[in-house]
Structure formats: structure tokens, C-alpha cells
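Here is input01.cif, consisting of mmCIF, C-alpha atoms:
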data_data
#
loop_
_atom_site.label_atom_id
_atom_site.label_comp_id
_atom_site.auth_asym_id
_atom_site.auth_seq_id
_atom_site.Cartn_x
_atom_site.Cartn_y
_atom_site.Cartn_z
CA MET A 1 0.00 0.00 0.00
CA THR A 2 1.36 3.40 -0.99
CA LEU A 3 0.85 6.71 0.77
CA LEU A 4 -1.69 7.69 -1.91
CA ASP A 5 -3.61 4.46 -1.28
CA PHE A 6 -3.68 5.22 2.44
CA TRP A 7 -4.98 8.73 1.92
CA GLY A 8 -7.45 7.44 -0.65
CA LEU A 9 -8.94 5.05 1.89
CA LEU A 10 -8.99 7.71 4.59
CA LEU A 11 -10.68 10.26 2.36
CA SER A 12 -13.20 7.74 1.03
CA TYR A 13 -14.38 6.66 4.47
CA ALA A 14 -14.33 10.24 5.76
CA TYR A 15 -16.42 11.34 2.79
CA ALA A 16 -18.89 8.48 3.17
CA PHE A 17 -19.52 8.93 6.89
CA GLY A 18 -19.39 12.71 6.58
CA LEU A 19 -22.05 12.56 3.86
CA LEU A 20 -24.28 10.31 5.96
CA LEU A 21 -23.98 12.41 9.11
CA MET A 22 -24.38 15.74 7.30
CA VAL A 23 -27.49 14.71 5.37
CA GLU A 24 -28.91 13.07 8.51
CA GLN A 25 -28.57 16.29 10.51
CA ILE A 26 -29.67 18.67 7.75
CA GLY A 27 -32.62 16.42 6.93
CA LYS A 28 -33.80 16.47 10.54
CA LYS A 29 -33.49 20.24 10.91
CA ALA A 30 -35.08 20.98 7.53
CA HIS A 31 -37.73 18.26 7.99
CA TRP A 32 -36.90 16.67 4.66
CA PRO A 33 -38.81 13.45 3.91
CA ASN A 34 -36.81 10.23 3.90
CA PHE A 35 -37.01 9.75 0.13
CA VAL A 36 -35.27 13.12 -0.39
CA THR A 37 -32.39 12.48 2.02
CA ARG A 38 -32.01 8.94 0.71
CA LYS A 39 -31.56 10.15 -2.86
CA ILE A 40 -29.14 12.91 -1.85
CA ILE A 41 -26.97 10.24 -0.25
CA HIS A 42 -27.47 8.05 -3.32
CA ILE A 43 -26.19 10.82 -5.62
CA GLY A 44 -23.31 11.69 -3.31
CA ALA A 45 -22.17 8.08 -3.12
CA GLY A 46 -22.39 7.58 -6.86
CA LEU A 47 -20.42 10.72 -7.67
CA TRP A 48 -17.57 9.62 -5.41
CA THR A 49 -16.75 6.87 -7.90
CA TRP A 50 -15.10 9.52 -10.08
CA ALA A 51 -12.79 10.44 -7.20
CA ILE A 52 -11.83 6.78 -6.74
CA LEU A 53 -10.18 6.81 -10.17
CA PHE A 54 -7.61 9.36 -9.04
CA LEU A 55 -7.12 8.62 -5.34
CA PHE A 56 -5.38 5.26 -5.54
CA ASP A 57 -2.20 3.80 -6.97
CA HIS A 58 -3.54 0.24 -6.83
CA TRP A 59 -6.97 -0.79 -8.10
CA TYR A 60 -7.37 -3.58 -5.54
CA ILE A 61 -7.07 -1.01 -2.75
CA GLY A 62 -9.43 1.36 -4.53
CA VAL A 63 -12.31 -1.13 -4.54
CA ILE A 64 -12.09 -1.69 -0.78
CA PRO A 65 -14.34 1.23 0.29
CA PHE A 66 -17.30 0.17 -1.85
CA ALA A 67 -16.73 -3.52 -1.08
CA THR A 68 -16.78 -2.91 2.67
CA PHE A 69 -19.90 -0.80 2.35
CA ILE A 70 -21.77 -3.86 1.10
CA LEU A 71 -21.57 -5.19 4.66
CA LEU A 72 -21.80 -1.79 6.35
CA ASN A 73 -24.89 -0.78 4.39
CA TYR A 74 -26.53 -4.10 5.27
CA ILE A 75 -25.82 -3.49 8.95
CA PHE A 76 -27.10 0.09 8.69
CA TYR A 77 -30.22 -1.19 6.93
CA ARG A 78 -30.92 -3.90 9.51
CA GLN A 79 -30.22 -1.66 12.48
CA GLN A 80 -31.86 1.45 10.97
CA THR A 81 -28.71 3.35 11.92
CA PHE A 82 -29.19 6.28 9.56
CA LYS A 83 -32.81 7.29 9.11
CA ALA A 84 -31.78 9.57 6.25
CA MET A 85 -30.68 6.52 4.27
CA ASP A 86 -32.89 3.66 5.45
CA GLY A 87 -36.48 4.28 6.42
CA GLU A 88 -38.58 1.51 7.92
CA LYS A 89 -40.33 0.85 4.61
CA GLU A 90 -37.22 1.04 2.44
CA SER A 91 -35.61 -1.88 0.64
CA PRO A 92 -31.88 -2.70 0.94
CA GLY A 93 -31.18 -0.75 -2.25
CA THR A 94 -28.02 0.76 -0.78
CA VAL A 95 -26.61 -2.75 -0.36
CA TYR A 96 -27.40 -3.61 -3.99
CA PHE A 97 -25.84 -0.36 -5.22
CA ALA A 98 -22.59 -1.07 -3.36
CA ILE A 99 -22.57 -4.59 -4.84
CA SER A 100 -23.04 -3.37 -8.42
CA ILE A 101 -20.39 -0.66 -8.07
CA THR A 102 -17.90 -3.15 -6.65
CA ILE A 103 -18.57 -5.66 -9.44
CA LEU A 104 -18.18 -3.05 -12.19
CA PHE A 105 -14.92 -1.70 -10.76
CA LEU A 106 -13.57 -5.24 -10.47
CA ILE A 107 -14.47 -5.87 -14.11
CA GLY A 108 -13.33 -2.64 -15.74
CA TRP A 109 -10.71 -0.87 -13.63
CA ARG A 110 -7.06 -1.86 -13.44
CA HIS A 111 -5.42 1.59 -13.41
CA SER A 112 -3.88 0.87 -16.83
CA SER A 113 -4.23 1.80 -20.48
CA ASP A 114 -6.43 -1.28 -20.94
CA ASP A 115 -9.09 -0.06 -18.51
CA LEU A 116 -12.68 -0.63 -19.59
CA LEU A 117 -14.07 2.40 -17.81
CA TYR A 118 -16.85 2.74 -20.37
CA LEU A 119 -18.30 -0.36 -18.66
CA VAL A 120 -17.93 1.24 -15.24
CA MET A 121 -18.71 4.94 -15.10
CA PRO A 122 -21.64 5.41 -17.54
CA PRO A 123 -23.72 2.58 -15.98
CA ILE A 124 -23.01 3.84 -12.46
CA MET A 125 -23.92 7.40 -13.44
CA ALA A 126 -27.13 6.19 -15.09
CA MET A 127 -28.14 4.65 -11.78
CA THR A 128 -26.87 7.60 -9.77
CA TRP A 129 -28.76 10.31 -11.63
CA GLY A 130 -31.50 8.42 -13.44
CA ASP A 131 -32.82 6.55 -10.42
CA ALA A 132 -32.55 9.55 -8.11
CA MET A 133 -34.45 11.89 -10.42
CA ALA A 134 -37.02 9.22 -11.25
CA SER A 135 -37.75 8.75 -7.57
CA LEU A 136 -37.85 12.44 -6.68
CA VAL A 137 -39.98 13.52 -9.63
CA GLY A 138 -42.19 10.44 -9.34
CA LYS A 139 -42.98 11.08 -5.69
CA LEU A 140 -43.31 14.84 -5.96
CA LYS A 141 -44.97 15.23 -9.36
CA GLY A 142 -46.18 11.78 -10.37
CA LYS A 143 -49.80 11.69 -11.55
CA TYR A 144 -49.94 8.62 -13.78
CA HIS A 145 -48.93 5.38 -12.10
CA TYR A 146 -48.39 1.75 -13.07
CA SER A 147 -47.41 -1.37 -11.16
CA ALA A 148 -44.82 -4.05 -11.92
CA TRP A 149 -43.79 -6.91 -9.64
CA GLY A 150 -45.67 -5.40 -6.73
CA THR A 151 -43.90 -2.04 -7.05
CA THR A 152 -45.73 1.13 -8.08
CA LYS A 153 -43.93 3.52 -10.41
CA SER A 154 -44.99 6.70 -12.20
CA VAL A 155 -44.87 7.59 -15.87
CA GLU A 156 -43.30 10.94 -14.98
CA GLY A 157 -40.61 9.17 -12.96
CA SER A 158 -39.84 6.82 -15.84
CA GLU A 159 -39.54 9.78 -18.20
CA MET A 160 -36.98 11.33 -15.86
CA MET A 161 -35.19 7.99 -15.61
CA PHE A 162 -34.72 7.93 -19.37
CA LEU A 163 -33.75 11.60 -19.69
CA PHE A 164 -31.17 11.59 -16.91
CA SER A 165 -29.81 8.15 -17.81
CA PHE A 166 -29.30 9.34 -21.38
CA LEU A 167 -27.56 12.50 -20.17
CA ALA A 168 -25.48 10.69 -17.55
CA ILE A 169 -24.27 8.02 -19.97
CA SER A 170 -23.50 10.47 -22.78
CA ILE A 171 -21.69 12.95 -20.54
CA SER A 172 -19.73 10.16 -18.83
CA LEU A 173 -18.55 8.86 -22.19
CA LEU A 174 -17.51 12.36 -23.22
CA ILE A 175 -15.58 12.84 -19.96
CA LEU A 176 -13.80 9.52 -20.39
CA GLN A 177 -12.99 10.39 -23.99
CA TYR A 178 -11.71 13.93 -23.53
CA ALA A 179 -9.82 13.12 -20.32
CA HIS A 180 -8.16 10.18 -22.11
CA LEU A 181 -9.32 7.77 -19.40
CA ASP A 182 -10.45 5.01 -21.77
CA MET A 183 -8.69 4.34 -25.05
CA HIS A 184 -11.50 2.07 -26.27
CA ILE A 185 -13.77 5.05 -26.94
CA GLN A 186 -11.12 7.61 -27.84
CA ALA A 187 -12.12 7.88 -31.50
CA MET A 188 -15.87 7.47 -31.00
CA PRO A 189 -17.91 10.13 -32.88
CA ILE A 190 -20.36 12.25 -30.91
CA ILE A 191 -23.32 10.78 -32.80
CA ASN A 192 -22.31 7.31 -31.65
CA ILE A 193 -22.00 8.52 -28.07
CA LEU A 194 -25.47 10.04 -28.14
CA SER A 195 -26.94 6.95 -29.81
CA ILE A 196 -25.42 4.67 -27.18
CA GLY A 197 -26.65 7.03 -24.47
CA ALA A 198 -30.19 6.82 -25.83
CA ALA A 199 -30.17 3.04 -26.33
CA VAL A 200 -28.66 2.18 -22.95
CA GLY A 201 -30.76 4.86 -21.28
CA PHE A 202 -33.88 3.21 -22.67
CA LEU A 203 -32.74 -0.19 -21.41
CA ALA A 204 -31.99 1.31 -17.99
CA THR A 205 -35.48 2.81 -17.89
CA ILE A 206 -37.17 -0.51 -18.71
CA THR A 207 -34.97 -2.31 -16.18
CA GLU A 208 -35.76 0.23 -13.46
CA ALA A 209 -39.47 -0.04 -14.18
CA LEU A 210 -39.51 -3.84 -13.91
CA SER A 211 -37.08 -4.34 -11.01
CA PRO A 212 -38.77 -5.16 -7.69
CA ALA A 213 -37.92 -3.88 -4.20
CA GLY A 214 -34.76 -1.90 -4.76
CA THR A 215 -33.09 -4.45 -7.02
CA ASP A 216 -32.87 -1.78 -9.73
CA ASN A 217 -29.71 -0.68 -7.89
CA LEU A 218 -28.22 -4.02 -8.93
CA PHE A 219 -29.81 -4.73 -12.30
CA VAL A 220 -29.67 -1.26 -13.89
CA PRO A 221 -25.87 -0.83 -13.63
CA LEU A 222 -25.06 -4.44 -14.52
CA LEU A 223 -27.42 -4.73 -17.50
CA SER A 224 -26.40 -1.27 -18.70
CA ALA A 225 -22.75 -2.35 -18.58
CA PHE A 226 -23.58 -5.47 -20.58
CA ALA A 227 -25.38 -3.34 -23.17
CA MET A 228 -22.39 -0.99 -23.32
CA TYR A 229 -20.13 -3.97 -23.96
CA LEU A 230 -22.31 -5.09 -26.87
CA LEU A 231 -22.66 -1.62 -28.40
CA VAL A 232 -19.11 -0.34 -28.04
#
Structure re-expressed in C-alpha cells:
Amino acid sequence: MTLLDFWGLLLSYAYAFGLLLMVEQIGKKAHWPNFVTRKIIHIGAGLWTWAILFLFDHWYIGVIPFATFILLNYIFYRQQTFKAMDGEKESPGTVYFAISITILFLIGWRHSSDDLLYLVMPPIMAMTWGDAMASLVGKLKGKYHYSAWGTTKSVEGSEMMFLFSFLAISISLLILQYAHLDMHIQAMPIINILSIGAAVGFLATITEALSPAGTDNLFVPLLSAFAMYLLV
């Protein structure tokens, strides 16, 4: 373990617990509903994956924070440790999200020129932004609802899922391309990037709509990554 690895671990855990405690306290004082604080934490956790790419010298050290949060999130869920993240009626979606992030980083990140980050970052960002906005808009503005596998969703939420998944995937690919973080997409034309964003965004939307009890946190990133593999 190098000094950078050590500081990467320290910063990752400090960020994670700082995010949880901050949103917990602000949520209580501002009287935010649980679904709002939960999605703020969801977005904050997802965005930290970008920092992981630069905070570690060794990939196998870099995956440790998300891997350990599989267990920690399960404990938090069972014990209802953080009300801002796990309400009594919530599913263990945070556990599934940590699992999917860990799997994708293990598959696509080796801190080398052969990295397959197009399989990692766009799917994670689709779940980070698409799911969060779908939930927030669906609960706050949803008028037309449908049910799948015992879970009620809204048409408005699904529209936001597609829009923000498309944007998240497309922007992530552009970042990877222009920052030279993934050589596999270096020469990809913008029209291809937007087409892939739309296609995978649509798949992510269908997957989110059909996934029961928080399992969208697992299936959306993994199936989106598989679609990215086929399309790129």
C-alpha cells in the first residue's frame, strides 16, 4: 500500500460517513422526507466513484471502500442506523448499489491503459442520476402510475429515468474520452456517443421499471454495462 492508497482510503471513508452524518442532521433540521435524504446520499455516493479513479495507486485497494460498504450498508439497513438513508419501509437498495459498483470496478478498472471504464462509469452514473431523479420527480410530481412486480412507479418518474440516464451516460462517455481515461472510446464520434446514451438509457429505464424492491440498484448498472459492452 502506498501513501496515496492510504490517503485514498482515509478520504473515502471520511467522505462516506461525513455525507451520511451531514445529510442526517440537515434532513432532521429541515424536515426533509426520507425519500429526499435517501436520494441525496445516493447521488453523493455515486459521484464519489469519479474520485476513486484518481485517489489510488492500486486498483485492488481502490475497490475496498465500496466492497466494505456492502456489509456496512446491510448493517445500517438492519439496524436502521441512519434514518436519512434507510427508512422503515425502504428496501436494501443501498446494499445492492454497493454490490453493483464493486462488481463493475472489479471488471473494468485496473489503473492501466487497458481499462474498460466505459463499462464502469456510464452505468453507475445512469443509476446515480436516473434513479434519483425518477424517484424524486415520481414522488413529488407523479400523476400517472403503473405497477410491476408489486412495485408502483410513475410515468413521470420513468420519463426522468430515461432523460437523466441518457444524459449521464452520454456525458460520462464524453468525460472519459476527452480526459483520455479510456482508449477504447477515444475515437468514437459524438453521434455514436449520443446513440449509445439513448439506447442504454432506454434499457436502464425498462430495467428500473420492472425491477422489484430496490433491485434496480443491482440490475440497472449491470445490465447497462452489458449493453455498453455489446454496443461499443
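Residues with any atom within 9 Å of A:Pro123, counting all atoms listed in the file and excluding same-chain neighbours fewer than 6 positions away, are A:Leu104, A:Ser165, A:Ala168, A:Ile169, A:Val200, A:Ala204, A:Val220, A:Pro221, A:Leu222, A:Leu223, A:Ser224, A:Ala225, A:Met228.
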Which centre and which edge lengths, in Å to one decimal, describe the axis-aligned box that holds all listed atoms of stretch 11-30 of chain A after 5 Å is added on each side, as JSON?
{"center_x": -22.9, "center_y": 13.8, "center_z": 6.0, "size_x": 34.4, "size_y": 24.3, "size_z": 19.9}
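Selection result for the displayed file, with the PyMOL selection byres ((chain A and resi 67) around 9) as criterion, is Val63, Ile64, Pro65, Phe66, Thr68, Phe69, Ile70, Leu71, Ala98, Ile99, Ile101, Thr102 and Ile103 of chain A.
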request  = Run through the PyMOL selection byres ((chain A and resi 33-41) around 10) on the given coordinates and return the selected residues as a ChimeraX atom specification.
outcome  = /A:16,19-20,22-24,26-28,30-32,42-47,82-88,90,94,128-129,131-133,135-136,139-140
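Atom CA of A:Phe162 is found 8.0 Å from atom CA of A:Ala198.
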ask   = Which residue gives the smallest distance to A:Ala126 among A:Phe202, A:Phe164, A:Tyr60, A:Trp149, with all atoms listed in the file counted?
value =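 Among the listed residues, A:Phe164 lies closest to A:Ala126.
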If you take all atoms listed in the file and a cut-off of 12 Å, which residues of stretch 71-125 of chain A touch stretch 185-196 of chain A, and what are their nearest atom pairs and distances in Å to one decimal, in chain and number order, as CSV?
residue,atom,partner,partner_atom,distance
A:Ser113,CA,A:Gln186,CA,11.6
A:Asp114,CA,A:Ile185,CA,11.4
A:Asp115,CA,A:Ile185,CA,10.9
A:Leu116,CA,A:Ile185,CA,9.4
A:Leu117,CA,A:Ile185,CA,9.5
A:Tyr118,CA,A:Ile185,CA,7.6
A:Leu119,CA,A:Ile185,CA,10.9
A:Pro122,CA,A:Ile196,CA,10.4
A:Pro123,CA,A:Ile196,CA,11.5
message = Please expand the PyMOL selection byres ((chain A and resi 51) around 12) into the concrete residues it hits in this file, giving the result as number ranges by chain.
response = A: 8-9, 11-12, 15, 44-50, 52-56, 62-63, 65, 121
ask   = Out of A:Gly157, A:Gly197, A:Gly142, A:Gly150, which residue has the shortest atom-to-atom distance to A:Leu210 when counting all atoms listed in the file?
value =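 Once distances to A:Leu210 are computed over all atoms listed in the file, the minimum belongs to A:Gly150.
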request  = Pick out the residues sitting within 6 Å of A:Leu218, and hand them over as a list in words; count all atoms listed in the file, and ignore anything fewer than 2 positions along from it in its own chain.
outcome  =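 The residues that qualify are Tyr96, Phe97, Ser100, Thr215, Asp216 and Val220 of chain A.
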Output file for the residues above (C-alpha atoms, as a PDB file, in the frame of the given file):
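out_7.pdb was written with the following content:
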ATOM      1  CA  TYR A  96     -27.400  -3.610  -3.990  1.00  0.00           C
ATOM      2  CA  PHE A  97     -25.840  -0.360  -5.220  1.00  0.00           C
ATOM      3  CA  SER A 100     -23.040  -3.370  -8.420  1.00  0.00           C
ATOM      4  CA  THR A 215     -33.090  -4.450  -7.020  1.00  0.00           C
ATOM      5  CA  ASP A 216     -32.870  -1.780  -9.730  1.00  0.00           C
ATOM      6  CA  VAL A 220     -29.670  -1.260 -13.890  1.00  0.00           C
TER       7      VAL A 220
END
inquiry  = One decimal, in Å: what's the spacing between atom CA of A:Arg110 and atom CA of A:Ala199?
reply    =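 Going from atom CA of A:Arg110 over to atom CA of A:Ala199, I get 26.9 Å.
Atom CA of A:Met127 is positioned 18.3 Å from atom CA of A:Thr152.
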